[in-house]
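J.: Here it is, the structure in full.
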Amino acid sequence: MSIYSRESATGGHADVDQFRTTAATIEREVGRVIVGQEGVVRGALIALIAGGHVLLEGVPGLGKTRLVRALAEALDLDYSRVQFTPDLMPADITGTNIISEDSSGERRFRFEPGPVFANLVLADEINRATPKTQAALLEAMQESQVTVANTLHRLPVPFMVLATQNPIEMEGTYPLPEAQLDRFLLKIQVRYPSARELVDILDRTTAGVDPTISRVAGAADITRMQALARQVPIADHVKEYAARLVMATHPGEPGVPKVTRDYVRFGASPRGAQAVVLAAKVSALLEGRFNVSYEDIRLVAHAALRHRMILNFEADAEGVTADTVLDELVMSVTPDEAELAVR
Amino acid sequence: MEAVSSSRPLRSRYERRFQAESAEAELDRLLAPLAQRLRWQRTIQHAPRGLLVGALVALAFTVFARLGGLPGLAYVALPFALIVSMATVAVVANRAAGPFEVARRVDASLGLGERIATALELRERGDDGPLVERQYRDAREQLLRVDAAAAFPLFARGSLARHTALRSASWGGLTLALTLGLLIWPQAASRLLTGREGALALADPGRREEDALPRFRPDGTEAGSELGDAMRGQTQNPEDIGEGIGLLGPPQTPQQAQQGAGGLQDARREAADQQNPNVAERRQALDDLGNALRQSQTGRQAGEALRTGDTERAAQQLQQLADQARNLSPGERQSLAQAFSQASQQIGDKDRQLADAARRAAEALQQFRNQEAQQAIRDAAAQVRDTGQQLEAQRQLESRQEQLQSGGQPSLPQLGQQAGQGSDGQGEGQRGQQSPTRSEAGSPGSGAFDLSQMEQELQNGGLQAGTGGSGAGGGNGAGSEKAGAPTRLNVTPRLVTVEAEVREGPSNWRPPNPNAAPAVAPPPAAPLPGAAPSSLQVASGLDMNAVPSDMTDSVRQYFSQDQPSRP
């Protein structure tokens, strides 16, 4: 099933070509059931290859759950879905020890893995669970492991959590804490499809024939792609640009744009800068380049930083969102002002 | 395989120069032509900025020169601005571009996604690996396809460089125009005013009389009106009227004879003053001033007037020059100051007052002290006018002496004596007829006679005439051609025979409407036989409006005393 050859598993020239081929195939297969939303698919793929997790935010009915299922089907990965509700307990996610009786009649505790033990975990409406349950995902998302009864359980590789949340039905929800949000590599906004895309969706979903998705990559392929993505070189001046962009989200830093001083309470963490560079490396490979460019940084900046910034009351009062702030930052922080300005 | 962080600071990497000799410097060799093109583009694109910088420097120089009283500084503004512009461009052109800068700019210009700069950095760091090699090959292929002109275009349409260049050029041109305007504007304004002195004079009530009168001269020359000059002389020295009248005919009473004798003594002193040997030197001083002023564009008219001997016009030009001194451009100011300075040196001891005025004018003009410059030029104008009047008086004196020496003119006392020989009962008409030749051949009654003889004759014959009868004579004043300082009234006696009727009571004659301007110029008066060419007939009309109000009675009395009433 894998399109990777065994000899090309070390990041050679063939690996690079196959990377692009695999990625393009995955996008094409997912696109069979997900009409439009190419950016969402690309974002999810970037997060998968970068080894991160994705928070999908959008109103109900936009195909978030369908996207995750399509991705799991195309990748031939273990897939589990957890519908988060207020009465969901952490053990319902991580699993728990249960008493089991063997053939000899001896009873002992046996760990029963929860739904988190899968390559792709769909945490549907994650903000409806209590913080206690949400926190159960923290260790899994960050360490790719679960500790139950002092026993550490490794999660499968690759491991990716795709969480969804509804931004409009806030009644009875528990907004994700910042620490939890920071675990997500990208936060992707799922937007309404256009009228033309909507017509295409109707054609595909109301004709009585469900499109089938072929499995084009496995866990091993994804693992190689993840390793290759980290080898993408990035020049110093591009790294400096990414760092300056992240630092521009901190209102206490000198020389930050006015929009940051006015509307941002806390800026992005260093994990945000890591997310930017990692996602940019994957984006560069997907674009057919072998180095990270400014454009890659700009392309992933919104998805990697929007959930890591905490806006203040003025921003809420004036309807300023994190995307608004990032739009300003991308415009105001120029790539080469530090070096070329002195030339 | 993870990229190792660079041990070389980013800033120092940009200071590295091309290493074409190195075997590993393939990218350097490929980037070298692009570096040349980058320098050329940078130089050309900075030219408008250089223009702007130079124009600003020129403007600053000009403003400083005008405000700080340093007219010479304005002349170096444009050359210095040119130097600054060229230096600005030269600095940019001399700035080298290293391989990293060229790579960064090529990436940015052609949208290569930091391929070239990353490859250059990876090669310098010595990174290795499949992806690094692939990236280097990719960058090299892209670099081989790069067109230098496309990478570094000159003022590409819609580019920021084009916009900046247009803006800089516009501001630079505007600034340069403003600078040139500051340099030449007053000069242009003065040229506009040149040749319109007549209109300006008519617009100026204070100068209407003296400038408007020449307009009605039949011959159209610029010489002053004799009539106007004569009346002006009366205006400036009213007491001379009585003396002039006294000179016209034999005194009626002993008191008049005494007055006439006193007047002659004054005339004698005046003549002695006019015969001052310094007059020749002052004439030479005027010539020096004229020669110097002719070398200045601004003072050329005054210099030309001095060259032609028209001191009055020269004084007027200097007055105008004084009025315009505040608006002179630095160039005009410098030129005029040099002219005055030269004049001051040349005049020297010939006319100390004129030399001092010229020197003060030169210094004040040099140092932009406008009020002092105006005052100094006005002093020079007054000195020129004064000298001109003295020269004119000298010339008339010489003319009279020549006439007397020729013997063709009877002296006034003799004529008065002849008139006094008539009987009292002959009436005024007879008396008037007895001296037709006196009015026709009479010479202007100035103090230009042989004064000793005249005084003696007046004391003798005048007293005799007083006992013998009542001689009378009409006359017409014939002053100098130019307006001048108060001088003795120059009149030519003439007996006018008018059919008139003597009535009691005041005269019905009234002066004409002062608001009615003469529709046509008066016809040219034929010169009287033996009279001065410039004299006019009495019948040509004396404009009483030109007579000051405090003099009208005296003048009217003169023209109506013992004569038929004027129509």
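So you can find residues: chains in the structure tokens are A, B, ... in the order shown, residues in each start at 1, and ligands are numbered from 1 in order.
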Using only C-alpha atoms, find the residues of chain A whose closest atom to chain B is at most 6 Å away, then write them as a PyMOL selection string.

T.: chain A and resi 12+231+235+290+293

J.: Find, counting only C-alpha atoms, the residue in A:Val282, A:Val320, A:Phe117, A:Phe109 that gets nearest to Asp262 in chain A.

T.: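 Residue with the minimum atom-to-atom distance to Asp262 in chain A: A:Val320.
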
J.: Neighbouring residues of Ala123 in chain A were defined as those with any atom within 6 Å, considering only C-alpha atoms; residues of the same chain fewer than 2 positions away were excluded. Please report them as a list in words.

T.: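 Selected residues are Val82, Ile126 and Ala163 of chain A.
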
J.: Excluding Ala47 in chain A and any residue of its chain fewer than 2 positions from it, enumerate the residues within 9 Å of it, using only C-alpha atoms, and give them as a list in words.

T.: Arg42, Gly43, Ala44, Leu45, Ile49, Ala50, Gly51, Gly52, His53, Val54, Met160, Phe184, Leu185, Leu186, Leu278, Ala279 and Val282 of chain A

J.: Looking only at strand (DSSP E) from DSSP on the backbone, list the matching residues of range 152-304 of chain A as a PyMOL selection string.

T.: chain A and resi 152-154+160-165+186-189+264-266

J.: Just the residues within 10 Å of Arg69 in chain A, please, counting only C-alpha atoms, with nothing from its chain fewer than 4 positions along; format it as number ranges by chain.

T.: A: 30, 33, 63-65, 73-75, 79-81, 120-122

J.: Grab the residues selected above and save them as an mmCIF file, in the first residue's frame with N, CA and C atoms.

T.:
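Once everything was written out, this is selection_29.cif:
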data_model
loop_
_atom_site.group_PDB
_atom_site.id
_atom_site.type_symbol
_atom_site.label_atom_id
_atom_site.label_comp_id
_atom_site.auth_asym_id
_atom_site.auth_seq_id
_atom_site.Cartn_x
_atom_site.Cartn_y
_atom_site.Cartn_z
ATOM 1 N N VAL A 30 -8.995 12.877 0.158
ATOM 2 C CA VAL A 30 -9.887 13.568 1.107
ATOM 3 C C VAL A 30 -10.833 14.494 0.359
ATOM 4 N N VAL A 33 -14.548 13.585 -0.630
ATOM 5 C CA VAL A 33 -15.728 13.746 0.220
ATOM 6 C C VAL A 33 -15.825 15.140 0.824
ATOM 7 N N GLY A 63 -18.754 19.797 8.150
ATOM 8 C CA GLY A 63 -17.978 18.642 7.711
ATOM 9 C C GLY A 63 -16.719 18.415 8.499
ATOM 10 N N LYS A 64 -16.689 18.910 9.697
ATOM 11 C CA LYS A 64 -15.474 18.719 10.494
ATOM 12 C C LYS A 64 -15.267 17.241 10.813
ATOM 13 N N THR A 65 -16.303 16.628 11.289
ATOM 14 C CA THR A 65 -16.183 15.213 11.633
ATOM 15 C C THR A 65 -15.957 14.374 10.381
ATOM 16 N N GLU A 73 -9.537 7.427 6.825
ATOM 17 C CA GLU A 73 -9.741 6.396 5.809
ATOM 18 C C GLU A 73 -8.638 6.454 4.755
ATOM 19 N N ALA A 74 -8.222 7.640 4.389
ATOM 20 C CA ALA A 74 -7.201 7.770 3.349
ATOM 21 C C ALA A 74 -5.827 7.331 3.849
ATOM 22 N N LEU A 75 -5.631 7.403 5.134
ATOM 23 C CA LEU A 75 -4.300 7.117 5.672
ATOM 24 C C LEU A 75 -4.168 5.701 6.243
ATOM 25 N N TYR A 79 -8.577 4.820 13.930
ATOM 26 C CA TYR A 79 -9.365 6.039 14.108
ATOM 27 C C TYR A 79 -10.362 5.804 15.220
ATOM 28 N N SER A 80 -10.488 6.780 16.108
ATOM 29 C CA SER A 80 -11.501 6.696 17.169
ATOM 30 C C SER A 80 -12.153 8.069 17.343
ATOM 31 N N ARG A 81 -13.350 7.977 17.815
ATOM 32 C CA ARG A 81 -14.089 9.228 17.984
ATOM 33 C C ARG A 81 -14.631 9.286 19.393
ATOM 34 N N LEU A 120 -5.564 8.360 14.964
ATOM 35 C CA LEU A 120 -6.320 9.601 14.783
ATOM 36 C C LEU A 120 -7.475 9.583 15.778
ATOM 37 N N VAL A 121 -7.517 10.581 16.624
ATOM 38 C CA VAL A 121 -8.563 10.690 17.635
ATOM 39 C C VAL A 121 -9.385 11.930 17.331
ATOM 40 N N LEU A 122 -10.649 11.709 17.146
ATOM 41 C CA LEU A 122 -11.547 12.839 16.929
ATOM 42 C C LEU A 122 -12.213 13.179 18.249
#

J.: Would you compute the distance between CA of Val279 in chain B and CA of Asn291 in chain B? Give it in Å to one decimal.

T.: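 Going from CA of Val279 in chain B over to CA of Asn291 in chain B covers 18.3 Å.
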
J.: Got a sec to tell me which of range 52-180 of chain A DSSP assigns to helix (DSSP H, G or I), as a PyMOL selection string?

T.: chain A and resi 64-75+91-94+126-128+131-143+178-180

J.: Please provide as a ChimeraX atom specification all residues within 9 Å of range 203-220 of chain A, with the sequence filter that same-chain residues fewer than 5 positions apart are discarded (counting only C-alpha atoms).

T.: /A:1-4,22,25-26,29-30,32-33,35,70,72-77,119,157-158,198,225

J.: Would you mind listing what lies within 10 Å of range 303-319 of chain A as a PyMOL selection string, with only C-alpha atoms counted and same-chain residues fewer than 4 positions away left out?

T.: chain A and resi 43+47+54-55+178-179+181-189+245-246+249-250+259-280+297-299+323-326
